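One file, start-v4.pdb, carrying PDB, C-alpha atoms, pLDDT in the B column:
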ATOM      1  CA  MET A  79     -48.267  92.452  32.940  1.00 45.00           C
ATOM      2  CA  ALA A  80     -49.261  94.474  36.002  1.00 52.00           C
ATOM      3  CA  LYS A  81     -52.129  96.921  35.590  1.00 80.00           C
ATOM      4  CA  VAL A  82     -51.336 100.480  36.603  1.00 82.00           C
ATOM      5  CA  PRO A  83     -54.370 102.367  37.963  1.00 92.00           C
ATOM      6  CA  ALA A  84     -55.550 105.351  35.921  1.00 95.00           C
ATOM      7  CA  ALA A  85     -55.140 107.530  39.015  1.00 96.00           C
ATOM      8  CA  VAL A  86     -51.416 106.758  39.065  1.00 96.00           C
ATOM      9  CA  VAL A  87     -51.083 107.373  35.325  1.00 97.00           C
ATOM     10  CA  ALA A  88     -52.819 110.748  35.586  1.00 97.00           C
ATOM     11  CA  ALA A  89     -50.797 111.898  38.606  1.00 98.00           C
ATOM     12  CA  GLY A  90     -47.623 110.615  36.970  1.00 97.00           C
ATOM     13  CA  GLY A  91     -48.447 112.542  33.808  1.00 98.00           C
ATOM     14  CA  LEU A  92     -48.794 115.813  35.697  1.00 98.00           C
ATOM     15  CA  VAL A  93     -45.639 115.294  37.766  1.00 98.00           C
ATOM     16  CA  GLY A  94     -43.648 113.718  34.943  1.00 98.00           C
ATOM     17  CA  GLY A  95     -44.679 116.307  32.381  1.00 97.00           C
ATOM     18  CA  TYR A  96     -43.519 119.098  34.654  1.00 98.00           C
ATOM     19  CA  ALA A  97     -40.289 117.299  35.545  1.00 98.00           C
ATOM     20  CA  ILE A  98     -39.418 116.650  31.903  1.00 98.00           C
ATOM     21  CA  ALA A  99     -40.174 120.243  30.922  1.00 97.00           C
ATOM     22  CA  ARG A 100     -38.132 121.614  33.795  1.00 97.00           C
ATOM     23  CA  TRP A 101     -35.084 119.367  33.517  1.00 97.00           C
ATOM     24  CA  THR A 102     -34.802 119.329  29.736  1.00 97.00           C
ATOM     25  CA  LYS A 103     -35.781 123.022  29.439  1.00 97.00           C
ATOM     26  CA  LYS A 104     -38.043 121.940  26.551  1.00 97.00           C
ATOM     27  CA  ARG A 105     -41.641 122.694  27.463  1.00 96.00           C
ATOM     28  CA  PRO A 106     -43.069 120.938  24.382  1.00 97.00           C
ATOM     29  CA  LEU A 107     -41.380 117.704  25.459  1.00 97.00           C
ATOM     30  CA  GLY A 108     -43.087 117.960  28.838  1.00 97.00           C
ATOM     31  CA  GLY A 109     -46.347 118.611  27.014  1.00 97.00           C
ATOM     32  CA  VAL A 110     -45.924 115.406  25.028  1.00 98.00           C
ATOM     33  CA  ALA A 111     -45.510 113.419  28.257  1.00 97.00           C
ATOM     34  CA  LEU A 112     -48.491 115.200  29.815  1.00 97.00           C
ATOM     35  CA  ALA A 113     -50.681 114.499  26.774  1.00 98.00           C
ATOM     36  CA  ALA A 114     -49.569 110.868  26.462  1.00 98.00           C
ATOM     37  CA  ALA A 115     -50.356 110.102  30.095  1.00 97.00           C
ATOM     38  CA  GLY A 116     -53.636 111.993  29.835  1.00 97.00           C
ATOM     39  CA  SER A 117     -54.619 109.932  26.800  1.00 97.00           C
ATOM     40  CA  VAL A 118     -53.859 106.651  28.540  1.00 96.00           C
ATOM     41  CA  ALA A 119     -55.739 107.762  31.655  1.00 97.00           C
ATOM     42  CA  ALA A 120     -58.733 108.933  29.582  1.00 97.00           C
ATOM     43  CA  TYR A 121     -58.863 105.582  27.801  1.00 96.00           C
ATOM     44  CA  GLU A 122     -58.873 103.763  31.151  1.00 95.00           C
ATOM     45  CA  TRP A 123     -61.453 106.115  32.651  1.00 96.00           C
ATOM     46  CA  ASN A 124     -63.726 105.464  29.673  1.00 96.00           C
ATOM     47  CA  ARG A 125     -63.206 101.717  29.922  1.00 94.00           C
ATOM     48  CA  GLN A 126     -63.776 101.590  33.685  1.00 93.00           C
ATOM     49  CA  ALA A 127     -66.434 104.226  34.297  1.00 93.00           C
ATOM     50  CA  GLY A 128     -67.908 105.211  30.931  1.00 95.00           C
ATOM     51  CA  PRO A 129     -67.732 108.244  28.664  1.00 96.00           C
ATOM     52  CA  ARG A 130     -69.349 110.775  31.026  1.00 96.00           C
ATOM     53  CA  ALA A 131     -66.891 110.015  33.811  1.00 96.00           C
ATOM     54  CA  ALA A 132     -64.001 109.986  31.348  1.00 97.00           C
ATOM     55  CA  THR A 133     -65.013 113.406  30.035  1.00 97.00           C
ATOM     56  CA  ALA A 134     -65.307 114.820  33.560  1.00 97.00           C
ATOM     57  CA  LEU A 135     -61.975 113.381  34.669  1.00 98.00           C
ATOM     58  CA  THR A 136     -60.209 114.500  31.497  1.00 98.00           C
ATOM     59  CA  THR A 137     -61.578 117.991  32.051  1.00 98.00           C
ATOM     60  CA  ALA A 138     -60.279 117.852  35.630  1.00 98.00           C
ATOM     61  CA  TYR A 139     -56.863 116.719  34.342  1.00 98.00           C
ATOM     62  CA  VAL A 140     -56.620 119.663  31.933  1.00 97.00           C
ATOM     63  CA  ALA A 141     -57.940 122.072  34.582  1.00 98.00           C
ATOM     64  CA  ALA A 142     -55.351 120.766  37.044  1.00 97.00           C
ATOM     65  CA  PHE A 143     -52.583 121.435  34.551  1.00 97.00           C
ATOM     66  CA  ALA A 144     -53.867 124.953  33.929  1.00 97.00           C
ATOM     67  CA  GLY A 145     -54.553 125.583  37.605  1.00 96.00           C
ATOM     68  CA  SER A 146     -51.085 124.532  38.676  1.00 96.00           C
ATOM     69  CA  HIS A 147     -49.630 127.664  37.072  1.00 95.00           C
ATOM     70  CA  PRO A 148     -51.369 130.291  39.242  1.00 96.00           C
ATOM     71  CA  LEU A 149     -51.137 127.971  42.244  1.00 97.00           C
ATOM     72  CA  ALA A 150     -47.354 127.826  41.767  1.00 97.00           C
ATOM     73  CA  LYS A 151     -47.176 131.573  42.374  1.00 97.00           C
ATOM     74  CA  LYS A 152     -48.633 131.023  45.847  1.00 97.00           C
ATOM     75  CA  LEU A 153     -47.121 127.670  46.855  1.00 96.00           C
ATOM     76  CA  GLY A 154     -44.089 127.196  44.621  1.00 97.00           C
ATOM     77  CA  ALA A 155     -43.772 125.032  41.535  1.00 97.00           C
ATOM     78  CA  TRP A 156     -43.310 121.554  42.986  1.00 97.00           C
ATOM     79  CA  PRO A 157     -45.892 121.915  45.779  1.00 98.00           C
ATOM     80  CA  ALA A 158     -48.426 123.138  43.199  1.00 98.00           C
ATOM     81  CA  VAL A 159     -47.733 120.209  40.877  1.00 98.00           C
ATOM     82  CA  PHE A 160     -48.004 117.699  43.716  1.00 98.00           C
ATOM     83  CA  THR A 161     -51.215 119.316  44.950  1.00 98.00           C
ATOM     84  CA  VAL A 162     -52.988 119.136  41.586  1.00 98.00           C
ATOM     85  CA  ALA A 163     -51.620 115.648  40.873  1.00 98.00           C
ATOM     86  CA  GLY A 164     -52.954 114.409  44.202  1.00 98.00           C
ATOM     87  CA  THR A 165     -56.308 116.040  43.588  1.00 98.00           C
ATOM     88  CA  VAL A 166     -56.693 114.429  40.161  1.00 98.00           C
ATOM     89  CA  ALA A 167     -55.542 111.057  41.511  1.00 97.00           C
ATOM     90  CA  ALA A 168     -58.092 111.230  44.340  1.00 97.00           C
ATOM     91  CA  ALA A 169     -60.900 112.165  41.945  1.00 97.00           C
ATOM     92  CA  SER A 170     -59.896 109.373  39.573  1.00 97.00           C
ATOM     93  CA  TRP A 171     -59.769 106.830  42.362  1.00 96.00           C
ATOM     94  CA  ALA A 172     -63.154 107.913  43.722  1.00 95.00           C
ATOM     95  CA  VAL A 173     -64.890 107.725  40.331  1.00 94.00           C
ATOM     96  CA  THR A 174     -63.322 104.487  39.115  1.00 91.00           C
ATOM     97  CA  ARG A 175     -63.708 102.794  42.505  1.00 85.00           C
ATOM     98  CA  ARG A 176     -67.466 103.380  42.420  1.00 71.00           C
ATOM     99  CA  ALA A 177     -67.652 102.098  38.855  1.00 58.00           C
ATOM    100  CA  ALA A 178     -65.796  98.858  39.611  1.00 56.00           C
TER     101      ALA A 178
END
Could you show the structure in this file as structure tokens?
Amino acid sequence: MAKVPAAVVAAGGLVGGYAIARWTKKRPLGGVALAAAGSVAAYEWNRQAGPRAATALTTAYVAAFAGSHPLAKKLGAWPAVFTVAGTVAAASWAVTRRAA
């Protein structure tokens, strides 16, 4: 089975969570997807880079989700989601790359 990088899982969770919430019009369903991807990413961050890095990256993931809301008022919804997803993916890649 191919291994999916934690950076991709985290970015996919942010984008996918928003997409599910928007298209189904059920925000809790999007939250489930967001939380599931975040949990998988956090597990991988812990495995690859240790608990301190996992805590920092999980905090960044949650902050990105929260920060996408005010950012959407300035950029629009999709650009905000893609911006925070890219930021979290870059941070994840940088931290886990150094740990590898």
- Task: Starting from the point (-56.6, 110.5, 35.1), work out which residues of protein, DNA or RNA have an atom no more than 12 Å away when counting only C-alpha atoms; state them as JSON, numbers by chain.
- Result: {"A": [82, 83, 84, 85, 86, 87, 88, 89, 90, 91, 92, 112, 113, 114, 115, 116, 117, 118, 119, 120, 121, 122, 123, 124, 126, 127, 131, 132, 133, 134, 135, 136, 137, 138, 139, 140, 141, 142, 143, 162, 163, 164, 165, 166, 167, 168, 169, 170, 171, 172, 173, 174]}
Residues as selected, C-alpha atoms, written as an mmCIF file, in the coordinates of the input, can you do that?
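Saved the output as selection06.cif:
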data_model
loop_
_atom_site.group_PDB
_atom_site.id
_atom_site.type_symbol
_atom_site.label_atom_id
_atom_site.label_comp_id
_atom_site.auth_asym_id
_atom_site.auth_seq_id
_atom_site.Cartn_x
_atom_site.Cartn_y
_atom_site.Cartn_z
ATOM 1 C CA VAL A 82 -51.336 100.480 36.603
ATOM 2 C CA PRO A 83 -54.370 102.367 37.963
ATOM 3 C CA ALA A 84 -55.550 105.351 35.921
ATOM 4 C CA ALA A 85 -55.140 107.530 39.015
ATOM 5 C CA VAL A 86 -51.416 106.758 39.065
ATOM 6 C CA VAL A 87 -51.083 107.373 35.325
ATOM 7 C CA ALA A 88 -52.819 110.748 35.586
ATOM 8 C CA ALA A 89 -50.797 111.898 38.606
ATOM 9 C CA GLY A 90 -47.623 110.615 36.970
ATOM 10 C CA GLY A 91 -48.447 112.542 33.808
ATOM 11 C CA LEU A 92 -48.794 115.813 35.697
ATOM 12 C CA LEU A 112 -48.491 115.200 29.815
ATOM 13 C CA ALA A 113 -50.681 114.499 26.774
ATOM 14 C CA ALA A 114 -49.569 110.868 26.462
ATOM 15 C CA ALA A 115 -50.356 110.102 30.095
ATOM 16 C CA GLY A 116 -53.636 111.993 29.835
ATOM 17 C CA SER A 117 -54.619 109.932 26.800
ATOM 18 C CA VAL A 118 -53.859 106.651 28.540
ATOM 19 C CA ALA A 119 -55.739 107.762 31.655
ATOM 20 C CA ALA A 120 -58.733 108.933 29.582
ATOM 21 C CA TYR A 121 -58.863 105.582 27.801
ATOM 22 C CA GLU A 122 -58.873 103.763 31.151
ATOM 23 C CA TRP A 123 -61.453 106.115 32.651
ATOM 24 C CA ASN A 124 -63.726 105.464 29.673
ATOM 25 C CA GLN A 126 -63.776 101.590 33.685
ATOM 26 C CA ALA A 127 -66.434 104.226 34.297
ATOM 27 C CA ALA A 131 -66.891 110.015 33.811
ATOM 28 C CA ALA A 132 -64.001 109.986 31.348
ATOM 29 C CA THR A 133 -65.013 113.406 30.035
ATOM 30 C CA ALA A 134 -65.307 114.820 33.560
ATOM 31 C CA LEU A 135 -61.975 113.381 34.669
ATOM 32 C CA THR A 136 -60.209 114.500 31.497
ATOM 33 C CA THR A 137 -61.578 117.991 32.051
ATOM 34 C CA ALA A 138 -60.279 117.852 35.630
ATOM 35 C CA TYR A 139 -56.863 116.719 34.342
ATOM 36 C CA VAL A 140 -56.620 119.663 31.933
ATOM 37 C CA ALA A 141 -57.940 122.072 34.582
ATOM 38 C CA ALA A 142 -55.351 120.766 37.044
ATOM 39 C CA PHE A 143 -52.583 121.435 34.551
ATOM 40 C CA VAL A 162 -52.988 119.136 41.586
ATOM 41 C CA ALA A 163 -51.620 115.648 40.873
ATOM 42 C CA GLY A 164 -52.954 114.409 44.202
ATOM 43 C CA THR A 165 -56.308 116.040 43.588
ATOM 44 C CA VAL A 166 -56.693 114.429 40.161
ATOM 45 C CA ALA A 167 -55.542 111.057 41.511
ATOM 46 C CA ALA A 168 -58.092 111.230 44.340
ATOM 47 C CA ALA A 169 -60.900 112.165 41.945
ATOM 48 C CA SER A 170 -59.896 109.373 39.573
ATOM 49 C CA TRP A 171 -59.769 106.830 42.362
ATOM 50 C CA ALA A 172 -63.154 107.913 43.722
ATOM 51 C CA VAL A 173 -64.890 107.725 40.331
ATOM 52 C CA THR A 174 -63.322 104.487 39.115
#
- Task: Using all atoms listed in the file, determine which residues lie at most 10 Å from Ala150 of chain A, disregarding the query and same-chain residues fewer than 6 positions distant; provide the list as a VMD selection string.
- Result: chain A and resid 156 to 159 161
- Within 10 Å of segment 99-102 of chain A, counting only C-alpha atoms, which residues show up once you throw out same-chain ones fewer than 6 positions away? Write them as an MDAnalysis selection string, please. chainID A and resid 108:112
- Task: Quick one: pull the distance between atom CA of Val93 of chain A and atom CA of Phe160 of chain A, Å, one decimal.
- Result: 6.8 Å
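Among the candidates A:Gly128, A:Lys81, A:Tyr96, A:Lys104, the one nearest to His147 of chain A when counting all atoms listed in the file is A:Tyr96.
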- What gap, in Å, lies between atom CA of Gly95 of chain A and atom CA of Leu107 of chain A?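 It comes out at 7.8 Å.
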